[in-house]
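A.B. asks: What follows is input_4.cif, made up of mmCIF, C-alpha atoms:
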```cif
data_upload
loop_
_atom_site.label_atom_id
_atom_site.label_comp_id
_atom_site.auth_asym_id
_atom_site.auth_seq_id
_atom_site.Cartn_x
_atom_site.Cartn_y
_atom_site.Cartn_z
CA TYR Y 1 -10.58 4.90 -1.76
CA GLU Y 2 -12.13 7.58 -3.96
CA GLN Y 3 -11.08 7.76 -7.61
CA VAL Y 4 -7.57 6.58 -6.68
CA HIS Y 5 -4.95 6.54 -9.43
CA LYS Y 6 -1.41 5.23 -9.22
CA PHE Y 7 1.18 5.11 -11.96
CA ARG Y 8 4.90 4.47 -12.06
CA PHE Y 9 7.67 5.35 -14.44
CA GLN Y 10 9.78 2.58 -15.90
CA ARG Y 11 12.70 2.72 -18.30
CA ASN Y 12 12.15 0.48 -21.33
CA PRO Y 13 14.94 -1.47 -23.12
CA ARG Y 14 15.46 1.41 -25.56
CA GLY Y 15 16.16 3.78 -22.67
CA HIS Y 16 12.88 5.68 -22.94
CA VAL Y 17 10.71 6.20 -19.89
CA ASP Y 18 7.28 4.59 -20.02
CA THR Y 19 4.36 5.42 -17.75
CA ILE Y 20 2.89 2.26 -16.23
CA GLU Y 21 -0.66 2.59 -14.93
CA VAL Y 22 -1.02 0.50 -11.77
CA LEU Y 23 -4.46 1.64 -10.55
CA ARG Y 24 -7.15 3.68 -12.28
CA ASP Y 25 -10.35 5.13 -10.81
CA ILE Y 26 -10.42 2.82 -7.79
CA ASP Y 27 -13.46 3.29 -5.56
CA LEU Y 28 -13.59 1.05 -2.48
CA THR Y 29 -15.26 1.40 0.88
CA PHE Y 30 -14.74 -0.91 3.84
CA ALA Y 31 -17.13 -0.69 6.78
CA THR Y 32 -16.25 -1.37 10.41
CA GLY Y 33 -16.43 -5.08 11.12
CA GLU Y 34 -16.50 -5.96 7.44
CA ARG Y 35 -14.33 -8.70 6.02
CA ALA Y 36 -13.55 -8.25 2.34
CA ALA Y 37 -11.25 -9.70 -0.29
CA VAL Y 38 -9.66 -7.97 -3.23
CA VAL Y 39 -8.81 -10.54 -5.87
CA GLY Y 40 -7.10 -10.42 -9.22
CA PRO Y 41 -4.12 -11.69 -11.15
CA SER Y 42 -0.56 -11.09 -10.09
CA GLY Y 43 0.54 -7.54 -10.85
CA CYS Y 44 -2.94 -6.00 -10.93
CA GLY Y 45 -2.30 -3.63 -8.00
CA LYS Y 46 -3.58 -5.47 -4.92
CA THR Y 47 -0.40 -4.89 -2.90
CA THR Y 48 -0.23 -1.31 -4.13
CA LEU Y 49 -3.69 -0.69 -2.62
CA LEU Y 50 -2.32 -1.73 0.77
CA ARG Y 51 0.88 0.26 0.39
CA LEU Y 52 -1.21 3.35 -0.39
CA ALA Y 53 -3.41 2.80 2.67
CA CYS Y 54 -0.48 2.96 5.08
CA ARG Y 55 1.32 5.68 3.09
CA LEU Y 56 4.28 3.60 2.02
CA GLU Y 57 3.36 5.09 -1.36
CA GLU Y 58 1.20 8.06 -2.28
CA PRO Y 59 -1.52 8.01 -4.95
CA ASN Y 60 -1.07 10.14 -8.04
CA GLY Y 61 -4.74 11.09 -7.85
CA GLY Y 62 -7.80 10.56 -5.72
CA ILE Y 63 -8.27 10.37 -1.97
CA ILE Y 64 -7.94 7.62 0.62
CA ARG Y 65 -9.95 8.25 3.75
CA LEU Y 66 -9.77 6.77 7.24
CA ASP Y 67 -12.87 7.50 9.30
CA GLY Y 68 -13.80 10.16 6.77
CA HIS Y 69 -10.46 11.99 6.94
CA ASP Y 70 -8.05 12.22 4.02
CA ILE Y 71 -5.06 10.18 5.21
CA ARG Y 72 -2.72 12.85 3.84
CA THR Y 73 -4.00 15.14 6.63
CA ILE Y 74 -3.22 12.55 9.32
CA ASP Y 75 0.31 12.13 10.63
CA THR Y 76 1.89 9.16 8.84
CA ARG Y 77 2.84 7.52 12.15
CA GLU Y 78 -0.78 7.76 13.28
CA VAL Y 79 -2.01 6.17 10.05
CA ARG Y 80 0.44 3.31 10.53
CA ARG Y 81 -0.62 2.86 14.15
CA ARG Y 82 -4.24 2.53 13.09
CA ILE Y 83 -3.72 0.29 10.05
CA GLY Y 84 -1.93 -3.03 10.42
CA ILE Y 85 -0.65 -4.79 7.33
CA VAL Y 86 0.72 -8.28 6.97
CA PHE Y 87 2.52 -8.50 3.64
CA GLN Y 88 2.87 -11.77 1.73
CA ASN Y 89 6.64 -11.98 2.23
CA HIS Y 90 6.77 -12.95 5.88
CA VAL Y 91 10.00 -11.36 7.06
CA LEU Y 92 11.26 -11.98 10.56
CA PHE Y 93 14.02 -9.94 12.16
CA GLY Y 94 16.15 -10.27 15.25
CA GLU Y 95 16.91 -13.76 16.47
CA SER Y 96 13.79 -14.93 18.27
CA VAL Y 97 10.03 -14.88 18.18
CA GLU Y 98 10.13 -12.55 21.19
CA ASP Y 99 12.28 -10.07 19.24
CA ASN Y 100 9.59 -9.94 16.56
CA VAL Y 101 6.41 -9.82 18.61
CA THR Y 102 7.63 -7.34 21.23
CA TYR Y 103 9.39 -5.01 18.79
CA GLY Y 104 6.57 -2.51 18.25
CA LEU Y 105 5.66 -2.35 21.92
CA LEU Y 106 9.26 -1.71 22.96
CA ARG Y 107 9.56 1.03 20.31
CA ARG Y 108 6.49 2.65 21.87
CA GLY Y 109 8.22 2.68 25.25
CA MET Y 110 6.59 -0.29 26.98
CA ALA Y 111 8.64 -2.05 29.64
CA ALA Y 112 10.25 -5.28 28.44
CA ASP Y 113 8.51 -7.50 31.03
CA GLU Y 114 5.09 -6.13 30.16
CA ALA Y 115 5.77 -6.45 26.41
CA ARG Y 116 6.89 -10.05 26.89
CA GLU Y 117 3.73 -10.92 28.81
CA LEU Y 118 1.50 -9.36 26.16
CA ALA Y 119 3.49 -11.13 23.45
CA GLY Y 120 2.84 -14.51 25.07
CA THR Y 121 -0.88 -13.77 25.23
CA CYS Y 122 -0.91 -12.60 21.62
CA LEU Y 123 0.93 -15.74 20.47
CA GLU Y 124 -1.75 -17.84 22.13
CA GLN Y 125 -4.39 -15.80 20.26
CA VAL Y 126 -2.79 -16.81 16.96
CA GLY Y 127 -2.50 -20.46 17.94
CA LEU Y 128 1.08 -20.63 19.20
CA ASP Y 129 2.06 -21.62 22.71
CA HIS Y 130 3.59 -19.01 25.06
CA SER Y 131 6.81 -21.05 24.92
CA PHE Y 132 7.35 -19.92 21.32
CA LEU Y 133 8.74 -16.64 22.67
CA VAL Y 134 12.16 -18.24 23.18
CA ARG Y 135 12.24 -20.02 19.81
CA LYS Y 136 14.78 -18.93 17.24
CA ASN Y 137 13.35 -17.60 13.98
CA THR Y 138 15.28 -20.28 12.10
CA ALA Y 139 13.44 -23.05 14.00
CA LEU Y 140 9.98 -22.11 12.66
CA ASN Y 141 8.07 -23.66 9.78
CA ALA Y 142 6.21 -21.50 7.24
CA GLY Y 143 2.88 -21.68 9.09
CA GLN Y 144 4.50 -20.65 12.37
CA VAL Y 145 6.31 -17.76 10.68
CA ALA Y 146 2.97 -16.54 9.25
CA ARG Y 147 1.44 -16.66 12.75
CA VAL Y 148 4.38 -14.80 14.31
CA VAL Y 149 4.09 -12.04 11.70
CA LEU Y 150 0.35 -11.85 12.36
CA ALA Y 151 0.97 -11.65 16.14
CA ARG Y 152 3.58 -8.92 15.59
CA THR Y 153 0.92 -6.86 13.80
CA LEU Y 154 -2.05 -7.65 16.06
CA ILE Y 155 -0.22 -6.90 19.32
CA LEU Y 156 -0.21 -3.23 18.33
CA GLY Y 157 -4.02 -3.14 18.26
CA PRO Y 158 -4.69 -1.82 14.77
CA GLU Y 159 -8.20 -0.62 13.96
CA VAL Y 160 -7.88 -2.02 10.45
CA LEU Y 161 -6.03 -5.17 9.43
CA PHE Y 162 -4.99 -5.83 5.84
CA VAL Y 163 -3.43 -9.15 4.92
CA ASP Y 164 -1.70 -9.48 1.56
CA GLU Y 165 -1.96 -13.06 0.32
CA PRO Y 166 -1.27 -14.45 3.81
CA THR Y 167 -1.39 -18.05 2.63
CA ALA Y 168 0.72 -17.71 -0.54
CA ARG Y 169 3.54 -19.90 0.78
CA LEU Y 170 1.50 -22.31 2.85
CA ASP Y 171 0.17 -25.78 2.15
CA PRO Y 172 -3.65 -26.02 1.78
CA GLU Y 173 -4.29 -27.37 5.30
CA THR Y 174 -2.15 -24.70 6.98
CA ALA Y 175 -3.78 -22.05 4.76
CA ASP Y 176 -7.26 -23.20 5.83
CA ASP Y 177 -6.18 -23.06 9.49
CA LEU Y 178 -4.83 -19.52 9.05
CA PHE Y 179 -8.03 -18.31 7.37
CA ALA Y 180 -10.10 -19.85 10.19
CA LEU Y 181 -7.85 -18.08 12.69
CA LEU Y 182 -8.31 -14.75 10.90
CA ARG Y 183 -12.10 -15.20 10.98
CA GLU Y 184 -11.96 -15.91 14.74
CA ILE Y 185 -9.79 -12.86 15.42
CA GLN Y 186 -12.08 -10.67 13.31
CA ALA Y 187 -15.15 -11.96 15.19
CA GLU Y 188 -13.51 -11.33 18.57
CA ASN Y 189 -12.14 -7.88 17.75
CA ASN Y 190 -14.60 -6.57 15.13
#
```
Produce structure tokens that represent the structure in this file.
C.D. replies:
Amino acid sequence: YEQVHKFRFQRNPRGHVDTIEVLRDIDLTFATGERAAVVGPSGCGKTTLLRLACRLEEPNGGIIRLDGHDIRTIDTREVRRRIGIVFQNHVLFGESVEDNVTYGLLRRGMAADEARELAGTCLEQVGLDHSFLVRKNTALNAGQVARVVLARTLILGPEVLFVDEPTARLDPETADDLFALLREIQAENN
């Protein structure tokens, strides 16, 4: 992030449009293998930083680089293949854990049997048994949902992983377990 600015327009109660500054002059650099945290109060722009990185939003000024290249010069699909993001609202889709974890691989054209096998391995990496593949989304607790969402992102092999308040809805013990898991995955995959 080099001198990144982001603002939004918002209509006030009188009907006038106000300019809301979300980010101003943000300079951040993350090195390969580095683990970093961006902290601040709710509404200070942390999630916006992540949304900008994967081009869900565009900055109003400044440059975001990936391996030295302005991400605006890289195909958006390529940026999103290289950057994995786990947002704080853990949303599952489909009916089962398998539907969630295999989704990206199937969209990329992988055979269903191969995607299922990789999904089982990835679930084990995030601390869930291979048998979770057949579980219904509605049968999972909050910690398991967080792990499924993490597996769904990791299975695609992103070069960069951003997690947006991954423990926001978890009890302290489950949150500690998830942070330990993230440290292990980072150590294994750099």
A.B. asks: Which distance in Å separates CA of Thr76 in chain Y and CA of Leu178 in chain Y, to one decimal?
C.D. replies: 29.5 Å
A.B. asks: Report as an MDAnalysis selection string all protein, DNA and RNA residues lying within 9 Å of range 20-28 of chain Y, evaluated on only C-alpha atoms, omitting residues in the same chain fewer than 5 positions from it.
C.D. replies: chainID Y and resid 1:10 43:45 48:49 59 61:62
A.B. asks: Find the residues of range 153-174 of chain Y that sit at most 12 Å from range 103-121 of chain Y; for each, write down the nearest two atoms and how far apart they are in Å, to one decimal. Count all atoms listed in the file. Sort by chain, then by number going up, and give it as a tab-separated table.
C.D. replies:
```
residue	atom	partner	partner_atom	distance
Y:Thr153	CA	Y:Gly104	CA	8.4
Y:Leu154	CA	Y:Ala119	CA	9.9
Y:Ile155	CA	Y:Ala119	CA	7.0
Y:Leu156	CA	Y:Gly104	CA	6.8
Y:Gly157	CA	Y:Leu105	CA	10.4
Y:Pro158	CA	Y:Gly104	CA	11.8
```
A.B. asks: Report as a PyMOL selection string the residues that result from applying the PyMOL selection byres ((chain Y and resi 55) around 12) to the structure here.
C.D. replies: chain Y and resi 48-54+56-59+63-66+70-85
A.B. asks: Step by step, work through what the PyMOL selection byres ((chain Y and resi 168-173) around 9) selects in the shown file, and finish by giving those residues as a VMD selection string.
C.D. replies: chain Y and resid 88 to 89 142 to 143 146 164 to 167 174 to 178
A.B. asks: Which residue out of Y:Glu124, Y:Asp99, Y:Glu159, Y:Asp18 has the minimum interatomic distance to Ala31 in chain Y when only C-alpha atoms are used?
C.D. replies: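 Among the listed residues, Y:Glu159 lies closest to Ala31 in chain Y.
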A.B. asks: Suppose you want the space between CA of Lys136 in chain Y and CA of Phe87 in chain Y; what is it in Å?
C.D. replies: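 We find that CA of Lys136 in chain Y and CA of Phe87 in chain Y lie 21.1 Å from each other.
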A.B. asks: If I wrap all listed atoms of range 75-85 of chain Y in a box with edges along x, y and z and add 6 Å on each side, what are its centre and edge lengths in Å to one decimal, as lines of an AutoDock Vina configuration file?
C.D. replies:
```
center_x = -0.7
center_y = 3.7
center_z = 10.7
size_x = 19.1
size_y = 28.9
size_z = 18.8
```
A.B. asks: Take the PyMOL selection byres ((chain Y and resi 36) around 12), apply it to the structure above, and return the hits as a PyMOL selection string.
C.D. replies: chain Y and resi 28-35+37-39+160-164+182-183+186
